[in-house]
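Asks: Structure file final-v4.txt, compact mmCIF, C-alpha atoms and all ligand atoms, is pasted below:
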# COMPACT_ATOMS: atom_id res chain seq x y z
CA MET A 1 9.79 7.70 -25.41
CA ARG A 2 7.44 9.95 -23.52
CA ALA A 3 8.67 11.96 -20.54
CA THR A 4 5.66 11.03 -18.45
CA ARG A 5 5.48 7.34 -17.59
CA ALA A 6 3.97 5.08 -14.99
CA ILE A 7 6.66 2.83 -13.61
CA ILE A 8 5.12 -0.38 -12.32
CA HIS A 9 7.27 -1.92 -9.61
CA LEU A 10 6.34 -5.58 -10.03
CA GLY A 11 8.70 -6.62 -7.23
CA ASN A 12 6.56 -4.61 -4.83
CA LEU A 13 3.42 -6.28 -6.18
CA ARG A 14 4.93 -9.73 -5.62
CA ARG A 15 6.06 -8.80 -2.11
CA ASN A 16 2.59 -7.49 -1.27
CA ILE A 17 1.01 -10.75 -2.41
CA GLU A 18 3.58 -12.72 -0.43
CA ALA A 19 2.71 -10.62 2.64
CA VAL A 20 -0.97 -11.42 2.09
CA ARG A 21 0.00 -15.08 1.91
CA ARG A 22 1.90 -14.90 5.22
CA LEU A 23 -1.07 -13.19 6.86
CA VAL A 24 -3.79 -15.58 5.63
CA GLY A 25 -1.70 -18.75 5.92
CA THR A 26 -1.51 -21.57 3.41
CA GLY A 27 -5.24 -22.36 3.33
CA PRO A 28 -7.03 -19.77 1.21
CA GLU A 29 -6.47 -19.24 -2.49
CA ILE A 30 -5.54 -15.68 -3.46
CA CYS A 31 -7.68 -14.08 -6.17
CA VAL A 32 -6.30 -10.74 -7.38
CA PRO A 33 -8.93 -8.33 -8.72
CA VAL A 34 -7.51 -6.98 -12.00
CA LYS A 35 -10.57 -4.99 -13.05
CA ALA A 36 -9.97 -1.55 -14.54
CA ASP A 37 -6.70 -2.72 -16.08
CA ALA A 38 -5.53 -3.85 -12.64
CA TYR A 39 -6.44 -0.54 -10.99
CA GLY A 40 -4.47 1.19 -13.74
CA HIS A 41 -1.32 -0.90 -13.39
CA GLY A 42 -1.74 -3.05 -16.52
CA ALA A 43 -3.73 -6.26 -16.17
CA VAL A 44 -1.62 -8.65 -18.25
CA GLU A 45 1.66 -7.87 -16.50
CA VAL A 46 -0.02 -7.81 -13.09
CA VAL A 47 -1.53 -11.24 -13.68
CA ARG A 48 1.82 -12.71 -14.73
CA ALA A 49 3.65 -11.32 -11.70
CA SER A 50 0.82 -12.34 -9.36
CA LEU A 51 0.93 -15.93 -10.60
CA GLU A 52 4.66 -15.98 -9.78
CA ALA A 53 3.83 -14.73 -6.28
CA GLY A 54 1.28 -17.48 -5.66
CA ALA A 55 -2.06 -15.99 -6.71
CA THR A 56 -4.22 -18.59 -8.46
CA ARG A 57 -7.27 -16.66 -9.66
CA PHE A 58 -8.22 -13.23 -10.95
CA ALA A 59 -11.34 -11.11 -11.12
CA VAL A 60 -12.59 -8.66 -13.75
CA ALA A 61 -15.60 -6.40 -14.22
CA SER A 62 -16.44 -7.21 -17.84
CA ALA A 63 -15.96 -9.95 -20.42
CA SER A 64 -13.85 -7.57 -22.51
CA GLU A 65 -11.35 -7.21 -19.66
CA ALA A 66 -11.08 -10.99 -19.51
CA ALA A 67 -10.71 -11.21 -23.31
CA GLU A 68 -7.51 -9.17 -23.06
CA LEU A 69 -6.09 -11.64 -20.54
CA ARG A 70 -7.07 -14.71 -22.54
CA ALA A 71 -5.60 -13.14 -25.72
CA ALA A 72 -2.32 -12.79 -23.81
CA GLY A 73 -2.38 -16.53 -23.15
CA ILE A 74 -3.51 -16.39 -19.54
CA SER A 75 -5.48 -19.53 -18.71
CA ALA A 76 -5.96 -19.01 -14.95
CA PRO A 77 -9.53 -18.98 -13.62
CA ILE A 78 -11.21 -15.56 -13.91
CA LEU A 79 -14.24 -14.42 -11.93
CA LEU A 80 -16.67 -12.03 -13.60
CA LEU A 81 -17.71 -9.73 -10.75
CA SER A 82 -20.36 -7.64 -12.50
CA ILE A 83 -23.61 -8.96 -13.93
CA ALA A 84 -23.19 -9.36 -17.69
CA ILE A 85 -25.80 -8.08 -20.11
CA PRO A 86 -27.19 -10.71 -22.54
CA GLU A 87 -24.86 -9.52 -25.30
CA GLU A 88 -21.84 -10.27 -23.09
CA LEU A 89 -22.84 -13.80 -22.15
CA PRO A 90 -21.47 -15.52 -25.28
CA ASP A 91 -18.03 -14.08 -24.60
CA ALA A 92 -18.27 -14.83 -20.89
CA VAL A 93 -18.94 -18.49 -21.73
CA GLU A 94 -16.39 -18.80 -24.54
CA LEU A 95 -13.68 -17.21 -22.39
CA GLY A 96 -14.44 -19.74 -19.67
CA LEU A 97 -15.22 -17.09 -17.06
CA ALA A 98 -16.80 -17.80 -13.70
CA PRO A 99 -19.67 -15.29 -13.47
CA LEU A 100 -21.24 -14.25 -10.18
CA VAL A 101 -24.94 -15.09 -10.30
CA ALA A 102 -27.54 -13.57 -8.03
CA ASP A 103 -30.92 -14.63 -9.43
CA ALA A 104 -32.59 -17.49 -11.26
CA GLU A 105 -33.31 -15.58 -14.48
CA TYR A 106 -29.64 -14.76 -15.00
CA ALA A 107 -28.50 -18.23 -13.93
CA LEU A 108 -30.81 -19.80 -16.52
CA ALA A 109 -29.69 -17.41 -19.26
CA LEU A 110 -26.08 -18.33 -18.48
CA ALA A 111 -26.96 -22.03 -18.51
CA ALA A 112 -28.71 -21.73 -21.90
CA GLU A 113 -25.74 -19.90 -23.38
CA ALA A 114 -23.33 -22.51 -22.05
CA ARG A 115 -25.43 -25.43 -23.37
CA ALA A 116 -25.76 -23.77 -26.78
CA ARG A 117 -21.97 -23.72 -26.93
CA GLY A 118 -21.46 -27.20 -25.58
CA ARG A 119 -19.87 -25.85 -22.45
CA VAL A 120 -20.41 -25.79 -18.71
CA ALA A 121 -20.19 -22.39 -17.00
CA GLU A 122 -18.80 -22.15 -13.49
CA ALA A 123 -21.21 -19.98 -11.50
CA HIS A 124 -20.48 -18.40 -8.13
CA ILE A 125 -23.53 -17.47 -6.10
CA LYS A 126 -23.29 -13.87 -4.94
CA VAL A 127 -25.12 -13.21 -1.70
CA ASP A 128 -25.85 -9.66 -0.59
CA THR A 129 -25.15 -9.69 3.14
CA GLY A 130 -25.03 -5.90 3.48
CA MET A 131 -23.18 -4.31 0.57
CA GLY A 132 -26.45 -3.35 -1.11
CA ARG A 133 -25.06 -3.71 -4.61
CA ILE A 134 -25.59 -7.06 -6.35
CA GLY A 135 -26.54 -10.38 -4.85
CA CYS A 136 -29.41 -12.53 -3.72
CA ARG A 137 -30.86 -12.30 -0.25
CA PRO A 138 -29.26 -14.75 2.20
CA GLU A 139 -32.55 -16.62 2.57
CA ASP A 140 -32.61 -17.24 -1.21
CA ALA A 141 -29.05 -18.59 -1.43
CA LEU A 142 -29.97 -22.23 -0.83
CA SER A 143 -32.64 -22.34 -3.53
CA LEU A 144 -30.29 -20.61 -5.97
CA ALA A 145 -27.58 -23.13 -5.09
CA ARG A 146 -30.05 -25.94 -5.79
CA LEU A 147 -30.94 -24.40 -9.13
CA VAL A 148 -27.31 -23.92 -10.19
CA ALA A 149 -26.26 -27.38 -9.00
CA GLY A 150 -29.21 -28.98 -10.76
CA THR A 151 -29.13 -27.17 -14.10
CA ARG A 152 -27.34 -28.59 -17.12
CA GLY A 153 -24.74 -26.18 -18.44
CA LEU A 154 -23.91 -24.86 -14.97
CA ARG A 155 -21.55 -25.95 -12.25
CA LEU A 156 -21.60 -24.42 -8.77
CA GLY A 157 -18.06 -23.09 -8.40
CA GLY A 158 -18.48 -21.02 -5.28
CA VAL A 159 -20.50 -18.90 -2.91
CA CYS A 160 -19.45 -15.36 -2.10
CA THR A 161 -20.29 -12.00 -0.62
CA HIS A 162 -18.75 -8.53 -0.39
CA PHE A 163 -18.05 -6.19 2.52
CA PRO A 164 -18.84 -2.45 2.57
CA VAL A 165 -16.95 -1.56 5.77
CA ALA A 166 -14.34 -4.28 6.34
CA ASP A 167 -11.60 -1.64 6.08
CA SER A 168 -12.89 0.30 9.08
CA LEU A 169 -11.76 -0.26 12.66
CA LYS A 170 -14.78 1.56 14.10
CA PRO A 171 -16.63 -0.76 16.49
CA GLY A 172 -19.90 -0.55 14.55
CA ALA A 173 -18.16 -1.43 11.29
CA LEU A 174 -16.25 -4.33 12.85
CA ALA A 175 -19.49 -5.73 14.24
CA PHE A 176 -21.31 -5.27 10.93
CA THR A 177 -18.66 -7.22 9.02
CA GLU A 178 -18.57 -9.99 11.64
CA GLY A 179 -22.36 -10.20 11.25
CA GLN A 180 -21.92 -10.63 7.48
CA ILE A 181 -19.45 -13.44 8.14
CA ASP A 182 -21.97 -15.13 10.45
CA ILE A 183 -24.57 -14.98 7.68
CA VAL A 184 -22.18 -16.60 5.19
CA GLU A 185 -21.19 -19.33 7.63
CA ALA A 186 -24.85 -20.15 8.27
CA LEU A 187 -25.92 -20.27 4.63
CA VAL A 188 -22.90 -22.35 3.64
CA ARG A 189 -23.86 -24.82 6.38
CA ASP A 190 -27.39 -24.94 4.95
CA ILE A 191 -26.11 -25.58 1.44
CA GLU A 192 -23.85 -28.37 2.66
CA ALA A 193 -26.67 -29.84 4.79
CA ALA A 194 -28.74 -30.05 1.60
CA GLY A 195 -26.02 -32.25 0.12
CA ILE A 196 -24.71 -29.58 -2.25
CA ASP A 197 -21.01 -28.76 -2.53
CA PRO A 198 -20.83 -24.94 -2.28
CA GLY A 199 -17.47 -24.85 -4.03
CA VAL A 200 -14.99 -22.19 -2.93
CA VAL A 201 -16.40 -19.76 -0.36
CA HIS A 202 -15.00 -16.24 -0.60
CA ALA A 203 -15.67 -12.86 0.93
CA ALA A 204 -12.55 -10.97 1.98
CA ASN A 205 -11.48 -7.82 0.18
CA SER A 206 -8.36 -6.03 1.48
CA GLY A 207 -10.16 -4.97 4.66
CA GLY A 208 -11.35 -8.50 5.31
CA VAL A 209 -7.83 -9.85 4.80
CA LEU A 210 -6.37 -7.32 7.23
CA TYR A 211 -8.96 -7.19 9.99
CA HIS A 212 -11.31 -10.18 9.81
CA PRO A 213 -9.53 -13.53 9.99
CA ARG A 214 -12.86 -15.43 9.96
CA SER A 215 -13.66 -13.88 6.55
CA ARG A 216 -10.88 -15.65 4.70
CA PHE A 217 -12.78 -18.91 4.01
CA GLY A 218 -11.44 -20.75 0.94
CA MET A 219 -10.26 -17.70 -0.99
CA VAL A 220 -9.48 -14.00 -0.48
CA ARG A 221 -9.87 -11.17 -3.01
CA PRO A 222 -7.55 -8.36 -1.91
CA GLY A 223 -7.15 -5.64 -4.52
CA ILE A 224 -5.74 -2.38 -3.19
CA LEU A 225 -3.47 -4.19 -0.75
CA CYS A 226 -1.74 -5.94 -3.66
CA TYR A 227 -1.32 -2.58 -5.40
CA GLY A 228 0.39 -1.18 -2.32
CA TYR A 229 -2.14 0.77 -0.28
CA LEU A 230 -4.22 0.15 2.80
CA PRO A 231 -7.95 0.37 2.13
CA GLU A 232 -8.14 2.92 4.96
CA ARG A 233 -5.49 4.85 6.90
CA ASP A 234 -4.18 2.77 9.79
CA PRO A 235 -1.02 3.57 11.77
CA SER A 236 -0.50 -0.06 12.84
CA PRO A 237 -1.87 -2.49 10.23
CA PRO A 238 -0.81 -6.17 10.15
CA PHE A 239 1.65 -5.11 7.44
CA PHE A 240 2.43 -2.05 5.34
CA PRO A 241 2.14 -2.81 1.63
CA GLU A 242 4.54 -1.11 -0.81
CA PRO A 243 3.04 1.07 -3.55
CA VAL A 244 3.42 -0.50 -6.99
CA MET A 245 2.79 2.44 -9.33
CA GLU A 246 5.11 5.42 -9.63
CA LEU A 247 4.05 8.34 -11.82
CA GLU A 248 7.21 9.89 -13.20
CA THR A 249 7.86 12.82 -15.47
CA ARG A 250 10.81 15.03 -16.47
CA ILE A 251 11.46 18.74 -16.20
CA ALA A 252 10.71 20.37 -19.57
CA GLN A 253 11.83 23.90 -18.77
CA ILE A 254 13.01 25.95 -15.80
CA ARG A 255 12.20 29.68 -15.69
CA VAL A 256 12.60 32.30 -12.99
CA ALA A 257 9.34 33.90 -11.88
CA GLU A 258 9.99 37.46 -10.68
CA PRO A 259 7.99 39.00 -7.82
CA GLY A 260 4.47 39.83 -9.00
CA GLU A 261 4.49 37.42 -11.92
CA THR A 262 1.81 34.76 -12.03
CA VAL A 263 1.70 31.11 -13.09
CA SER A 264 -0.91 29.33 -15.22
CA TYR A 265 -4.62 29.82 -16.03
CA GLY A 266 -6.63 32.07 -13.81
CA ARG A 267 -3.45 33.68 -12.43
CA THR A 268 -4.15 32.02 -9.09
CA TRP A 269 -0.53 32.09 -7.88
CA THR A 270 1.80 35.09 -7.74
CA ALA A 271 5.52 34.93 -7.05
CA GLY A 272 6.62 36.76 -3.92
CA LEU A 273 10.39 36.41 -4.17
CA PRO A 274 12.21 35.38 -7.33
CA THR A 275 11.91 31.61 -7.66
CA ARG A 276 12.56 28.87 -10.20
CA ILE A 277 9.42 27.43 -11.75
CA ALA A 278 9.80 24.09 -13.53
CA SER A 279 7.20 23.08 -16.08
CA LEU A 280 6.40 19.38 -16.30
CA PRO A 281 4.81 17.70 -19.34
CA VAL A 282 2.00 16.09 -17.33
CA GLY A 283 -1.55 17.24 -16.73
CA TYR A 284 -5.08 16.24 -15.95
CA ALA A 285 -5.37 14.59 -19.37
CA ASP A 286 -2.88 12.02 -18.06
CA GLY A 287 -4.94 11.56 -14.92
CA TYR A 288 -2.80 13.81 -12.72
CA PRO A 289 -5.77 15.34 -10.94
CA ARG A 290 -6.65 18.98 -11.43
CA TYR A 291 -7.69 19.26 -7.80
CA LEU A 292 -3.96 19.27 -6.99
CA SER A 293 -3.74 22.80 -8.45
CA GLY A 294 -1.89 24.90 -5.88
CA LYS A 295 -1.78 21.91 -3.51
CA GLY A 296 0.18 18.99 -4.96
CA LEU A 297 3.74 18.12 -4.05
CA ALA A 298 6.26 16.56 -6.43
CA TRP A 299 9.37 14.64 -5.41
CA VAL A 300 12.47 16.02 -7.14
CA GLY A 301 16.12 16.26 -6.17
CA GLY A 302 15.43 14.61 -2.83
CA LYS A 303 12.88 17.26 -1.83
CA LEU A 304 9.19 18.05 -2.17
CA ALA A 305 8.40 20.86 -4.58
CA PRO A 306 4.91 22.42 -4.46
CA VAL A 307 2.62 22.68 -7.47
CA ARG A 308 2.05 26.34 -8.36
CA GLY A 309 -1.08 27.60 -10.07
CA ARG A 310 -3.59 25.50 -11.97
CA ILE A 311 -2.80 22.10 -13.40
CA CYS A 312 -3.40 22.26 -17.17
CA MET A 313 -4.47 19.52 -19.56
CA ASP A 314 -0.89 18.66 -20.50
CA GLN A 315 1.35 20.70 -18.21
CA THR A 316 1.97 21.35 -14.54
CA MET A 317 4.28 23.84 -12.87
CA ILE A 318 6.24 23.22 -9.68
CA ASP A 319 8.32 25.58 -7.56
CA LEU A 320 12.00 24.67 -7.17
CA GLY A 321 12.67 27.69 -4.94
CA PRO A 322 15.76 29.88 -5.26
CA ALA A 323 18.90 28.67 -6.99
CA GLY A 324 21.47 27.35 -4.53
CA GLU A 325 20.93 27.26 -0.77
CA GLY A 326 17.32 26.49 0.22
CA GLY A 327 16.18 25.52 -3.27
CA VAL A 328 15.72 22.14 -4.93
CA ALA A 329 18.84 20.97 -6.72
CA ALA A 330 17.34 20.07 -10.09
CA GLN A 331 18.08 20.71 -13.71
CA ARG A 332 16.22 20.58 -16.97
CA TYR A 333 15.28 17.00 -18.00
CA ASP A 334 15.73 15.68 -14.46
CA ARG A 335 13.23 13.11 -13.26
CA VAL A 336 10.31 14.12 -11.07
CA SER A 337 8.07 11.66 -9.23
CA LEU A 338 4.48 12.75 -8.76
CA PHE A 339 3.61 9.79 -6.56
CA GLY A 340 5.03 6.40 -5.82
CA PRO A 341 6.75 4.07 -3.39
CA GLY A 342 9.92 5.94 -2.51
CA PRO A 343 10.57 7.21 1.00
CA GLY A 344 9.59 10.87 1.08
CA MET A 345 7.54 10.59 -2.12
CA PRO A 346 3.83 11.32 -1.86
CA GLY A 347 1.70 8.19 -2.12
CA ALA A 348 -1.44 7.90 -4.24
CA ASP A 349 -3.25 7.95 -0.87
CA ASP A 350 -1.70 11.34 0.02
CA ILE A 351 -2.87 12.69 -3.33
CA ALA A 352 -6.30 11.18 -2.82
CA ASP A 353 -6.63 12.91 0.55
CA MET A 354 -6.13 16.29 -1.14
CA GLY A 355 -9.05 15.59 -3.47
CA GLY A 356 -11.37 13.90 -1.00
CA THR A 357 -11.03 10.60 -2.83
CA ILE A 358 -9.21 7.27 -2.45
CA ALA A 359 -5.95 5.84 -3.76
CA TYR A 360 -7.97 3.43 -5.96
CA GLU A 361 -9.30 6.32 -8.04
CA VAL A 362 -5.90 7.99 -8.34
CA THR A 363 -4.18 4.94 -9.88
CA CYS A 364 -7.22 4.00 -12.02
CA ASP A 365 -7.26 7.50 -13.49
CA ILE A 366 -3.71 7.33 -14.87
CA ASN A 367 -4.82 6.71 -18.41
CA LYS A 368 -3.74 5.32 -21.74
CA ARG A 369 -1.64 8.32 -22.73
CA VAL A 370 0.82 7.34 -20.00
CA PRO A 371 3.00 4.42 -21.06
CA ARG A 372 3.53 1.74 -18.43
CA VAL A 373 7.10 0.64 -17.83
CA TYR A 374 7.48 -2.60 -15.92
CA LEU A 375 10.35 -3.06 -13.50
CA ASP A 376 11.11 -6.11 -11.41
C1 LIG B 1 -12.87 -4.63 -6.26
C2 LIG B 1 -13.36 -5.78 -5.47
C3 LIG B 1 -12.55 -6.39 -4.50
C4 LIG B 1 -11.21 -5.82 -4.06
O1 LIG B 1 -11.44 -4.74 -3.16
P1 LIG B 1 -10.20 -4.02 -2.45
O2 LIG B 1 -10.84 -3.03 -1.55
O3 LIG B 1 -9.40 -3.39 -3.53
O4 LIG B 1 -9.45 -5.07 -1.72
C5 LIG B 1 -13.01 -7.55 -3.91
N1 LIG B 1 -14.22 -8.06 -4.23
C6 LIG B 1 -15.05 -7.47 -5.12
C7 LIG B 1 -16.38 -8.07 -5.42
C8 LIG B 1 -14.66 -6.30 -5.75
O5 LIG B 1 -15.47 -5.70 -6.63
Could you write out this file's structure as structure tokens?
Ligand SMILES: *Cc1c(COP(=O)(O)O)cnc(C)c1O
Replies:
Amino acid sequence: MRATRAIIHLGNLRRNIEAVRRLVGTGPEICVPVKADAYGHGAVEVVRASLEAGATRFAVASASEAAELRAAGISAPILLLSIAIPEELPDAVELGLAPLVADAEYALALAAEARARGRVAEAHIKVDTGMGRIGCRPEDALSLARLVAGTRGLRLGGVCTHFPVADSLKPGALAFTEGQIDIVEALVRDIEAAGIDPGVVHAANSGGVLYHPRSRFGMVRPGILCYGYLPERDPSPPFFPEPVMELETRIAQIRVAEPGETVSYGRTWTAGLPTRIASLPVGYADGYPRYLSGKGLAWVGGKLAPVRGRICMDQTMIDLGPAGEGGVAAQRYDRVSLFGPGPGMPGADDIADMGGTIAYEVTCDINKRVPRVYLD
């Protein structure tokens, strides 16, 4: 057993999905994005818990991510969000994925692969309504829908788009997203008017789910909300999700730093008064970010203890203060939480703020060296 572990609170994940369900009502399907090993939480376990909570579909970034789910016996529909390279198409077809398609060349390559394997691939037309990433132009969506619907080896499973600023409450961002929704509504009407069933229409990421009720259509794709964070700080969101991942470690050693003594590489921190420094067997090689050097806060003994000096590859030092009154009551081998769901504990979003990044990157970066432990 390793001291440093990521505890995955699956009960929180299920409650977050149930809260999404209450917010969006019974209409839309819930598709949980489980790309990047479910934002670092462990895709197979996340899928199983999400199915229990009422999610019906999942989304990945590559065929290899889907292969892991299929190998674990998961048969639920899986969207392939990124454009596959030709070498990935055989797997995408054999795994029964639903790829997003954005142009005729790719749609035809997918169709040929499916026919060669005696299969029919479910394609979802991806329309770029303002994300500027992948997608066809809105004016090309109808002809692409015609092509997909009329090509052997393909079935039109859906029409979708993605939002760049749905998490923002700034008036310009709200208007931009509503404009994207208008575009989707119009092109879906055109597809239906041409006698083509568009399949499931989907657009909403976490921001769409929270702030744009018209974006929910037939399915929503909230990621970060399921993993327990708001996509953007908001003091009064429709609901507060509960963080799912907790990064935990144990105290390896406690030493007293005397005045004038320094801690870690670069000697960036010097003790003023005598204080107890605890070393923790966790570092940037686990994904505990080095930008927290001299800034991070760890939750131990019911208090926050500051990180002292530089975070190393495998070790981090925190300050427990003086023994007794005023210090943190902690002993060797005690548990320390670096971030997680507890009251008082820093969240992955608090950590992200210190590094100018987002909670998504913090949980994704907790890597393979850190065993995941699943709790209900
Ligand atoms: C990752 C992703 C999502 C989920 O976004 P969140 O901000 O985590 O809710 C939804 N749709 C697409 C296409 C994505 O790539």
Asks: Could you please determine the separation between CA of Ala285 (chain A) and CA of Arg369 (chain A) in Å, to one decimal place?
Replies: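 About the pair CA of Ala285 (chain A) and CA of Arg369 (chain A): they are 8.0 Å apart.
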Asks: If I take CA of Pro346 (chain A) and CA of Ile254 (chain A), how far is one from the other in Å, to one decimal?
Replies: 22.2 Å
Asks: With distances taken over all atoms listed in the file, which residue among A:Pro90, A:Gly294, A:Pro138, A:Pro33 lies nearest ligand LIG 1 (chain B)?
Replies: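 Once distances to ligand LIG 1 (chain B) are computed over all atoms listed in the file, the minimum belongs to A:Pro33.
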Asks: Please build the interface table for chain A against ligand LIG 1 (chain B) with a cut-off of 6 Å, listing for each qualifying residue the nearest atom pair and the distance in Å to one decimal; count all atoms listed in the file, order rows by chain and increasing number, and write it as JSON lines.
Replies:
{"residue": "A:Pro33", "atom": "CA", "partner": "B:LIG1", "partner_atom": "C4", "distance": 5.8}
{"residue": "A:Leu81", "atom": "CA", "partner": "B:LIG1", "partner_atom": "C7", "distance": 5.7}
{"residue": "A:His162", "atom": "CA", "partner": "B:LIG1", "partner_atom": "C7", "distance": 5.6}
{"residue": "A:Asn205", "atom": "CA", "partner": "B:LIG1", "partner_atom": "O4", "distance": 3.9}
{"residue": "A:Ser206", "atom": "CA", "partner": "B:LIG1", "partner_atom": "O4", "distance": 3.5}
{"residue": "A:Arg221", "atom": "CA", "partner": "B:LIG1", "partner_atom": "C5", "distance": 4.9}
{"residue": "A:Pro222", "atom": "CA", "partner": "B:LIG1", "partner_atom": "O4", "distance": 3.8}
{"residue": "A:Gly223", "atom": "CA", "partner": "B:LIG1", "partner_atom": "O3", "distance": 3.3}
{"residue": "A:Ile224", "atom": "CA", "partner": "B:LIG1", "partner_atom": "O3", "distance": 3.8}
{"residue": "A:Pro231", "atom": "CA", "partner": "B:LIG1", "partner_atom": "O2", "distance": 5.8}
Asks: To one decimal in Å, tell me the separation between CA of Gly54 (chain A) and CA of Arg21 (chain A).
Replies: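 These atoms are spaced 8.0 Å apart.
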Asks: Leaving out Leu169 (chain A) and any residue of its chain fewer than 6 positions from it, which residues lie within 10 Å of it when counting all atoms listed in the file, given as a list in words?
Replies: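 Contacts, with the query itself left out: Ala175, Gly207, Tyr211, Glu232, Arg233 and Asp234 of chain A.
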Asks: Tell me which of A:Cys160, A:Ile251, A:Ala111, A:Ile351 sits closest to Leu320 (chain A), counting all atoms listed in the file.
Replies: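 Among the listed residues, the smallest separation from Leu320 (chain A) belongs to A:Ile251.
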Asks: Please provide the set of residues having any atom within 6 Å of region 190-198 of chain A, restricted to all atoms listed in the file, with same-chain residues fewer than 3 positions apart removed, written as a PyMOL selection string.
Replies: chain A and resi 142+158+187
Asks: Show which residues sit within 9 Å of region 235-238 of chain A, as a PDB file with C-alpha atoms, in the frame of the given file. Count only C-alpha atoms, and ignore same-chain residues fewer than 3 positions away.
Replies:
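Once written, result.pdb looks like this:
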ATOM      1  CA  LEU A  23      -1.070 -13.190   6.860  1.00  0.00           C
ATOM      2  CA  LEU A 210      -6.370  -7.320   7.230  1.00  0.00           C
ATOM      3  CA  TYR A 211      -8.960  -7.190   9.990  1.00  0.00           C
ATOM      4  CA  LEU A 230      -4.220   0.150   2.800  1.00  0.00           C
TER       5      LEU A 230
END
Asks: Restricting the calculation to all atoms listed in the file: of A:Ile8, A:Ala305, A:Ile183, A:Leu280, which residue gets closest to Ile366 (chain A)?
Replies: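 Comparing A:Ile8, A:Ala305, A:Ile183, A:Leu280 against Ile366 (chain A), the winner is A:Ile8.
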Asks: Set the distance at 8 Å and use only C-alpha atoms: which residues neighbour Leu100 (chain A) once local chain neighbours fewer than 2 positions away are removed? I'd like the list as number ranges by chain.
Replies: A: 79-83, 98, 102, 123-126
Asks: Please determine, counting all atoms listed in the file, which residue among A:Lys35, A:Arg267, A:Arg214, A:Arg255 has the shortest atom-to-atom distance to Ala323 (chain A).
Replies: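 Closest residue, counting all atoms listed in the file: A:Arg255.
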Asks: Point out the residue among A:Ile311, A:Ala107, A:Val362, A:Leu247 with the least atom-to-atom distance to Tyr291 (chain A), counting all atoms listed in the file.
Replies: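 Nearest candidate to Tyr291 (chain A) out of A:Ile311, A:Ala107, A:Val362, A:Leu247: A:Ile311.
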Asks: Determine the nearest neighbour of Glu18 (chain A) from the options A:Gly118, A:Gly208, A:Gly132, A:Pro241, counting only C-alpha atoms.
Replies: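 Ranking A:Gly118, A:Gly208, A:Gly132, A:Pro241 by distance to Glu18 (chain A), first place goes to A:Pro241.
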Asks: Residues proximal to (10.9, 27.6, -6.9) were defined as those with any atom within 6 Å of that point in the file's coordinates, counting all atoms listed in the file. Which are they, as a CSV table (one decimal) with C-alpha atoms, in the frame of the given file?
Replies:
chain,number,residue,atom,x,y,z
A,275,THR,CA,11.9,31.6,-7.7
A,276,ARG,CA,12.6,28.9,-10.2
A,277,ILE,CA,9.4,27.4,-11.8
A,319,ASP,CA,8.3,25.6,-7.6
A,320,LEU,CA,12.0,24.7,-7.2
A,321,GLY,CA,12.7,27.7,-4.9
A,322,PRO,CA,15.8,29.9,-5.3
Asks: List every protein, DNA or RNA residue that has an atom no more than 9 Å from (-23.4, -12.3, 3.2) in the file's coordinate frame, counting all atoms listed in the file, and report them as a PyMOL selection string.
Replies: chain A and resi 126-131+135+137-138+160-163+179-185+187+203
Asks: Give me the residues within 12 Å of region 61-76 of chain A as a PyMOL selection string, counting all atoms listed in the file and dropping any in the same chain fewer than 2 places off.
Replies: chain A and resi 30-39+42-51+54-59+78-100
